[in-house]
Amino acid sequence: MPLLDVDHLTIEIPTEAGLLHAVNGVSFTLERGETLAIVGESGSGKSLTSLALMDLLPSRAVRKARSMRFDGIDLMAAGRREMEDLRGDRMAMIFQEPMTSLNPAYTVGDQLTEALRRHRPVSRAEARDRAVHLLERVGITAAASRLGQYPHQLSGGLRQRVMIAMGLMCEPDLIIADEPTTALDVTIQAQILMLLRDIQREFGMGLILVTHDLGVVARVATKVAVMYAGRLIETGPVEAVFGAPSHPYTQGLLRAIPVPGRTRPGEPLGTIPGQVPNLIGPLAGCAFRNRCDRATEACAAAIPERDLGPGHRMACVLDPVAVPA
Amino acid sequence: MLAFLLRRLAVALSVVLTVSVIAFLLLHLSGDLATDLAGPEASPEQVARVRVEYGLDQPLMVQYGQWLAGAARFDFGRSFYFRESVASLLGDRIPITLKLGAIALGLALAVAIPLGALAAVKRGSWFDRAALAFCALGQAVPTFWLGLTLIIIFAVNLRWLPVSGNATWSHYVLPSVALGWYAIPAVMRLTRNGMLDVMASDYIRTARAKGLRPHTVIFKHALRNAVVPVVALAAVQFGFMLGGSIVVEAVFSLQGLGQLAWEAIARKDFPVVQAIVMLLATIYILLTFLADLLNAWLDPRIRVA
């Protein structure tokens with residue numbers, strides 16, 4: 001039984017202009033010990049997908065799915081209290097903005113111990129010990145003295161480490177990290193990323209990493225899911241998707257990043273012309289076809305999912321062609 | 001934290017001094033005091049005698065110094081009209097006004113903060129709309145009308161509470177409601193808006209992601225951050241209540257500071273007016289200082305500012 005099994009997740013948001021189809025029939029699975037990277041540009045629905053797993057969507061967003069199971073538990077049928085019991089205990093989340101994700105009015109120690117004491121019958125002293133232990137584990141020096149500090153006294157990198165420690169307080173089975181390094185300095189980004197990877201291995205958790213940074217994916221993930229305009233357009237093991245990208249959008253994405261040894265100095269990087277389609281109202285056929293240089297009339301019809309190899313699937317009617325090197 | 005305290009204290013003291021200069025000059029703005037005091041039929045000799053008696057022949061700086069030294073010892077001289085010391089006049093009135101203001105503010109906060117918070121949490125619901133309608137209504141009702149209506153309903157018809165006076169605590173119920181009513185809409189709206197902002201913030205999402213129960217999220221994580229601006233508003237409102245309770249004191253025949261101020265102004269009793277201005281300003285500044293302290297406790301980021 002997979003740790004997480006999402007089948008046909010759909011998120012719709014009513015707006016003034018009409019119904020926004022933010023996420024459209026997304027399916028994936030995740031095992032313990034695996035790292036799934038959800039990749040896509042802004043507005044592709046990757047963050048909403050991760051929030052939907054935690055039942056943390058904005059209240060006006062409507063979440064539907066054929067089924068969504070976490071360790072066998074039906075998340076779609078779970079009530080509010082049941083979800084509260086799962087959140088922070090068996091599934092934890094790390095957010096994009098470490099600067100604003102901690103409560104400015106409470107000390108680091110208070111916010112860390114609170115996460116444990118909510119789910120476990122432990123004493124203050126025990127919760128404190130665990131907090132110190134985890135702060136040390138995420139690479140914070142003088143951990144005990146940090147407990148009395150307030151978030152505004154810490155740098156962004158430190159705050160993100162605190163957020164990671166907070167997520168680990170109850171030793172969850174699943175950690176969802178929503179662009180955890182986007183707001184940080186480049187040098188800190190790599191440290192935080194390696195920390196997440198090491199912790200995921202050490203604790204044997206499932207990790208979902210939401211990112212728009214393909215370099216991050218290559219270094220950390222075991223599986224990748226590429227999202228475009230609310231749809232999952234290609235998914236598979238990292239080696240398969242990066243080695244033989246098949247969807248024209250994935251190919252375009254990979255052409256847009258420099259690769260040492262392949263990209264010659266001075267050579268312009270690839271771009272994808274055009275814009276993401278408006279997701280308000282019904283959208284038939286392939287969402288990428290207005291930007292795709294290989295689009296045909298068949299792209300306006302429903303797009304079937306095709307198996308390309310073990311676990312490697314894509315949503316495109318065209319036969320994959322090798323990326324021109 | 002100590003540096004923060006000292007800085008705020010220095011600011012407060014300098015404001016008190018500024019107010020004292022203005023209050024002192026009030027006395028000398030209305031022309032020649034000695035002529036006023038001696039009366040319209042006084043001879044020049046009588047005027048001159050009054051001038052010496054009240055120290056009005058001294059240079060202005062000396063007069064100010066003497067007055068300030070007196071004020072620091074709560075000695076504001078003698079009332080022109082009541083013929084007794086200003087301090088003892090005030091001593092009788094201050095407790096009444098403070099009691100009235102404190103109960104009114106307490107009532108207003110006890111009603112406005114929970115209702116405002118609840119309205120924000122249930123945004124767009126019938127409760128939220130009812131709360132907003134209540135705010136509009138609250139601001140439209142004049143204080144004197146509300147006071148009289150309360151008297152008619154609860155004192156005259158139902159006979160639950162006394163009509164006027166200040167003999168027991170029950171005498172303070174109706175005036176406090178009438179006075180506190182005025183502060184409710186502003187506090188409620190500010191609490192509601194603050195809560196709406198805070199509830200949409202990232203750290204509230206973090207709190208929910210930890211699986212905290214809604215009441216912990218709302219009352220521990222949200223409300224504390226949302227009431228920071230409310231504290232400052234409450235201090236200002238309390239100042240208004242102390243200085244602006246004239247109408248309520250008149251309606252309920254409470255012999256408080258407001259009544260005294262009104263009488264003193266009507267009778268050109270300047271020492272009393274000065275003393276009241278000084279006193280209210282000092283209380284006001286003290287409240288602002290306390291509000292700063294309370295906010296520094298609520299939001300640690302303020303302590304370094």
# chains A, B, ... in the order shown; residues from 1 in each chain; ligands from 1
>>> residues_around(residues="Asn166 (chain B)", least_positions_apart="2", cutoff="9 Å", atoms="only C-alpha atoms", output="tab-separated table (two decimals) with N, CA and C atoms, in the first residue's frame")
chain	number	residue	atom	x	y	z
B	96	ILE	N	-15.11	59.51	40.85
B	96	ILE	CA	-16.36	59.26	40.14
B	96	ILE	C	-16.09	59.07	38.65
B	164	SER	N	-30.36	58.09	39.03
B	164	SER	CA	-29.19	58.97	38.98
B	164	SER	C	-28.47	58.95	40.32
B	168	THR	N	-24.07	53.94	45.02
B	168	THR	CA	-23.61	52.55	45.01
B	168	THR	C	-23.09	52.18	43.63
B	169	TRP	N	-22.53	50.97	43.52
B	169	TRP	CA	-22.04	50.49	42.23
B	169	TRP	C	-23.16	50.39	41.21
B	170	SER	N	-24.36	50.06	41.70
B	170	SER	CA	-25.46	49.89	40.75
B	170	SER	C	-25.80	51.22	40.07
B	171	HIS	N	-25.42	52.34	40.71
B	171	HIS	CA	-25.66	53.63	40.08
B	171	HIS	C	-24.80	53.82	38.83
B	172	TYR	N	-23.73	53.03	38.74
B	172	TYR	CA	-22.80	53.22	37.63
B	172	TYR	C	-23.17	52.39	36.40
B	252	PHE	N	-27.05	61.64	34.03
B	252	PHE	CA	-27.22	60.80	35.22
B	252	PHE	C	-26.87	61.52	36.52
B	253	SER	N	-26.72	62.84	36.47
B	253	SER	CA	-26.40	63.65	37.67
B	253	SER	C	-25.22	63.08	38.45
B	254	LEU	N	-24.16	62.73	37.74
B	254	LEU	CA	-22.94	62.29	38.42
B	254	LEU	C	-22.03	63.50	38.55
B	255	GLN	N	-21.57	63.81	39.76
B	255	GLN	CA	-20.72	64.98	39.96
B	255	GLN	C	-19.27	64.62	39.64
>>> interface_residues(of="chain B", to="chain A", cutoff="9 Å", atoms="only C-alpha atoms", output="MDAnalysis selection string")
chainID B and resid 201:213 221:222 224:225 297:301
>>> closest_residue(among="A:Pro282, A:His247, A:Gly274, A:Thr10", to="Val321 (chain A)", atoms="only C-alpha atoms")
A:His247
>>> select_by_dssp(residues="region 138-254 of chain A", states="strand (DSSP E or B)", output="ChimeraX atom specification")
/A:174-178,206-211,223-228,231-237
>>> residues_around(residues="Leu308 (chain A)", least_positions_apart="4", cutoff="10 Å", atoms="only C-alpha atoms", output="PDB file with N, CA and C atoms, in the first residue's frame")
ATOM      1  N   GLU A 234       3.374  15.211 -17.263  1.00  0.00           N
ATOM      2  CA  GLU A 234       4.342  14.121 -17.375  1.00  0.00           C
ATOM      3  C   GLU A 234       4.818  13.751 -15.981  1.00  0.00           C
ATOM      4  N   THR A 235       4.920  12.453 -15.732  1.00  0.00           N
ATOM      5  CA  THR A 235       5.409  12.025 -14.423  1.00  0.00           C
ATOM      6  C   THR A 235       6.219  10.754 -14.579  1.00  0.00           C
ATOM      7  N   GLY A 236       7.167  10.551 -13.668  1.00  0.00           N
ATOM      8  CA  GLY A 236       7.979   9.340 -13.743  1.00  0.00           C
ATOM      9  C   GLY A 236       9.204   9.472 -12.869  1.00  0.00           C
ATOM     10  N   ALA A 240      14.182   8.871 -15.783  1.00  0.00           N
ATOM     11  CA  ALA A 240      13.403   8.684 -17.003  1.00  0.00           C
ATOM     12  C   ALA A 240      12.948  10.028 -17.559  1.00  0.00           C
ATOM     13  N   VAL A 241      12.395  10.882 -16.689  1.00  0.00           N
ATOM     14  CA  VAL A 241      11.843  12.153 -17.169  1.00  0.00           C
ATOM     15  C   VAL A 241      12.959  13.087 -17.633  1.00  0.00           C
ATOM     16  N   ALA A 244      14.796  11.169 -20.758  1.00  0.00           N
ATOM     17  CA  ALA A 244      14.027  11.124 -21.995  1.00  0.00           C
ATOM     18  C   ALA A 244      12.744  11.923 -21.825  1.00  0.00           C
ATOM     19  N   SER A 246       9.501  13.671 -22.604  1.00  0.00           N
ATOM     20  CA  SER A 246       8.675  13.281 -23.742  1.00  0.00           C
ATOM     21  C   SER A 246       7.610  14.306 -24.082  1.00  0.00           C
ATOM     22  N   HIS A 312       6.554   5.838 -15.891  1.00  0.00           N
ATOM     23  CA  HIS A 312       6.714   7.040 -16.710  1.00  0.00           C
ATOM     24  C   HIS A 312       5.486   7.231 -17.581  1.00  0.00           C
ATOM     25  N   ARG A 313       4.712   8.303 -17.304  1.00  0.00           N
ATOM     26  CA  ARG A 313       3.485   8.558 -18.052  1.00  0.00           C
ATOM     27  C   ARG A 313       3.507   9.990 -18.561  1.00  0.00           C
ATOM     28  N   MET A 314       2.748  10.229 -19.662  1.00  0.00           N
ATOM     29  CA  MET A 314       2.568  11.614 -20.080  1.00  0.00           C
ATOM     30  C   MET A 314       1.196  11.771 -20.718  1.00  0.00           C
ATOM     31  N   ASP A 319       3.605  11.204 -30.585  1.00  0.00           N
ATOM     32  CA  ASP A 319       4.649  10.252 -30.230  1.00  0.00           C
ATOM     33  C   ASP A 319       5.866  11.040 -29.785  1.00  0.00           C
ATOM     34  N   PRO A 320       6.455  10.647 -28.667  1.00  0.00           N
ATOM     35  CA  PRO A 320       7.613  11.407 -28.182  1.00  0.00           C
ATOM     36  C   PRO A 320       8.753  11.379 -29.191  1.00  0.00           C
TER      37      PRO A 320
END
>>> closest_residue(among="A:Arg161, A:His21, A:Arg32, A:Arg146", to="Pro277 (chain A)", atoms="only C-alpha atoms")
A:His21
>>> residues_around(residues="Leu318 (chain A)", least_positions_apart="2", cutoff="10 Å", atoms="only C-alpha atoms", output="JSON, numbers by chain")
{"A": [246, 247, 248, 294, 295, 296, 298, 299, 303, 306, 315, 316, 320, 321]}
>>> atom_distance(atom1="CA of Asp7 (chain A)", atom2="CA of Ala65 (chain A)")
6.2 Å
>>> residues_around(residues="Gly270 (chain A)", least_positions_apart="3", cutoff="7 Å", atoms="only C-alpha atoms", output="list in words")
Gly252, Arg255 and Ala256 of chain A
>>> write_last_selection(atoms="C-alpha atoms", output="mmCIF file, in the first residue's frame")
data_model
loop_
_atom_site.group_PDB
_atom_site.id
_atom_site.type_symbol
_atom_site.label_atom_id
_atom_site.label_comp_id
_atom_site.auth_asym_id
_atom_site.auth_seq_id
_atom_site.Cartn_x
_atom_site.Cartn_y
_atom_site.Cartn_z
ATOM 1 C CA GLY A 252 10.880 23.074 -23.390
ATOM 2 C CA ARG A 255 15.945 23.391 -22.791
ATOM 3 C CA ALA A 256 15.495 26.533 -20.686
#
>>> decode(residues="region 133-171 of chain B", atoms="N, CA and C atoms", output="compact mmCIF listing (two decimals), in the first residue's frame")
# COMPACT_ATOMS: atom_id res chain seq x y z
N ALA B 133 -24.00 45.74 11.16
CA ALA B 133 -25.19 46.59 11.26
C ALA B 133 -25.26 47.22 12.65
N PHE B 134 -24.92 46.43 13.66
CA PHE B 134 -24.91 46.91 15.04
C PHE B 134 -23.89 48.05 15.19
N CYS B 135 -22.75 47.93 14.50
CA CYS B 135 -21.73 48.98 14.53
C CYS B 135 -22.28 50.28 13.98
N ALA B 136 -22.94 50.19 12.82
CA ALA B 136 -23.49 51.39 12.19
C ALA B 136 -24.53 52.02 13.11
N LEU B 137 -25.37 51.19 13.68
CA LEU B 137 -26.41 51.66 14.59
C LEU B 137 -25.78 52.31 15.82
N GLY B 138 -24.77 51.63 16.35
CA GLY B 138 -24.10 52.11 17.57
C GLY B 138 -23.55 53.51 17.39
N GLN B 139 -23.00 53.78 16.22
CA GLN B 139 -22.42 55.09 16.01
C GLN B 139 -23.47 56.15 15.75
N ALA B 140 -24.65 55.72 15.28
CA ALA B 140 -25.68 56.69 14.92
C ALA B 140 -26.47 57.16 16.14
N VAL B 141 -26.44 56.38 17.22
CA VAL B 141 -27.25 56.73 18.40
C VAL B 141 -26.50 57.76 19.25
N PRO B 142 -27.12 58.95 19.48
CA PRO B 142 -26.43 59.93 20.32
C PRO B 142 -26.44 59.50 21.80
N THR B 143 -25.37 59.87 22.50
CA THR B 143 -25.19 59.43 23.88
C THR B 143 -26.32 59.88 24.79
N PHE B 144 -26.73 61.16 24.65
CA PHE B 144 -27.76 61.65 25.59
C PHE B 144 -29.08 60.90 25.39
N TRP B 145 -29.39 60.60 24.12
CA TRP B 145 -30.63 59.88 23.81
C TRP B 145 -30.57 58.47 24.40
N LEU B 146 -29.43 57.82 24.20
CA LEU B 146 -29.27 56.47 24.74
C LEU B 146 -29.40 56.49 26.26
N GLY B 147 -28.76 57.48 26.89
CA GLY B 147 -28.82 57.59 28.35
C GLY B 147 -30.24 57.73 28.83
N LEU B 148 -30.99 58.64 28.20
CA LEU B 148 -32.38 58.86 28.61
C LEU B 148 -33.23 57.63 28.36
N THR B 149 -33.00 56.98 27.22
CA THR B 149 -33.76 55.76 26.91
C THR B 149 -33.49 54.67 27.95
N LEU B 150 -32.21 54.52 28.32
CA LEU B 150 -31.86 53.52 29.33
C LEU B 150 -32.57 53.83 30.65
N ILE B 151 -32.60 55.11 31.00
CA ILE B 151 -33.27 55.50 32.25
C ILE B 151 -34.75 55.14 32.18
N ILE B 152 -35.39 55.48 31.05
CA ILE B 152 -36.83 55.20 30.93
C ILE B 152 -37.09 53.70 31.05
N ILE B 153 -36.28 52.88 30.34
CA ILE B 153 -36.54 51.44 30.34
C ILE B 153 -36.17 50.80 31.68
N PHE B 154 -34.90 50.98 32.11
CA PHE B 154 -34.41 50.18 33.24
C PHE B 154 -34.65 50.82 34.60
N ALA B 155 -34.76 52.14 34.63
CA ALA B 155 -34.93 52.80 35.93
C ALA B 155 -36.40 53.14 36.19
N VAL B 156 -37.08 53.71 35.18
CA VAL B 156 -38.45 54.16 35.40
C VAL B 156 -39.45 53.01 35.24
N ASN B 157 -39.37 52.30 34.10
CA ASN B 157 -40.38 51.26 33.86
C ASN B 157 -40.08 49.97 34.62
N LEU B 158 -38.88 49.43 34.43
CA LEU B 158 -38.57 48.14 35.07
C LEU B 158 -38.15 48.30 36.53
N ARG B 159 -37.65 49.46 36.88
CA ARG B 159 -37.19 49.76 38.25
C ARG B 159 -36.09 48.80 38.70
N TRP B 160 -35.24 48.40 37.78
CA TRP B 160 -34.14 47.51 38.14
C TRP B 160 -32.96 48.29 38.72
N LEU B 161 -32.77 49.49 38.20
CA LEU B 161 -31.56 50.25 38.55
C LEU B 161 -31.94 51.68 38.90
N PRO B 162 -31.10 52.34 39.72
CA PRO B 162 -31.40 53.72 40.12
C PRO B 162 -31.31 54.69 38.93
N VAL B 163 -32.05 55.80 39.03
CA VAL B 163 -32.10 56.77 37.95
C VAL B 163 -30.81 57.58 37.86
N SER B 164 -30.36 58.09 39.03
CA SER B 164 -29.19 58.97 38.98
C SER B 164 -28.47 58.95 40.32
N GLY B 165 -27.32 59.61 40.34
CA GLY B 165 -26.51 59.67 41.55
C GLY B 165 -25.34 58.71 41.47
N ASN B 166 -24.57 58.64 42.59
CA ASN B 166 -23.38 57.80 42.57
C ASN B 166 -23.19 57.05 43.89
N ALA B 167 -24.29 56.79 44.59
CA ALA B 167 -24.17 56.22 45.93
C ALA B 167 -23.62 54.80 45.91
N THR B 168 -24.07 53.94 45.02
CA THR B 168 -23.61 52.55 45.01
C THR B 168 -23.09 52.18 43.63
N TRP B 169 -22.53 50.97 43.52
CA TRP B 169 -22.04 50.49 42.23
C TRP B 169 -23.16 50.39 41.21
N SER B 170 -24.36 50.06 41.70
CA SER B 170 -25.46 49.89 40.75
C SER B 170 -25.80 51.22 40.07
N HIS B 171 -25.42 52.34 40.71
CA HIS B 171 -25.66 53.63 40.08
C HIS B 171 -24.80 53.82 38.83
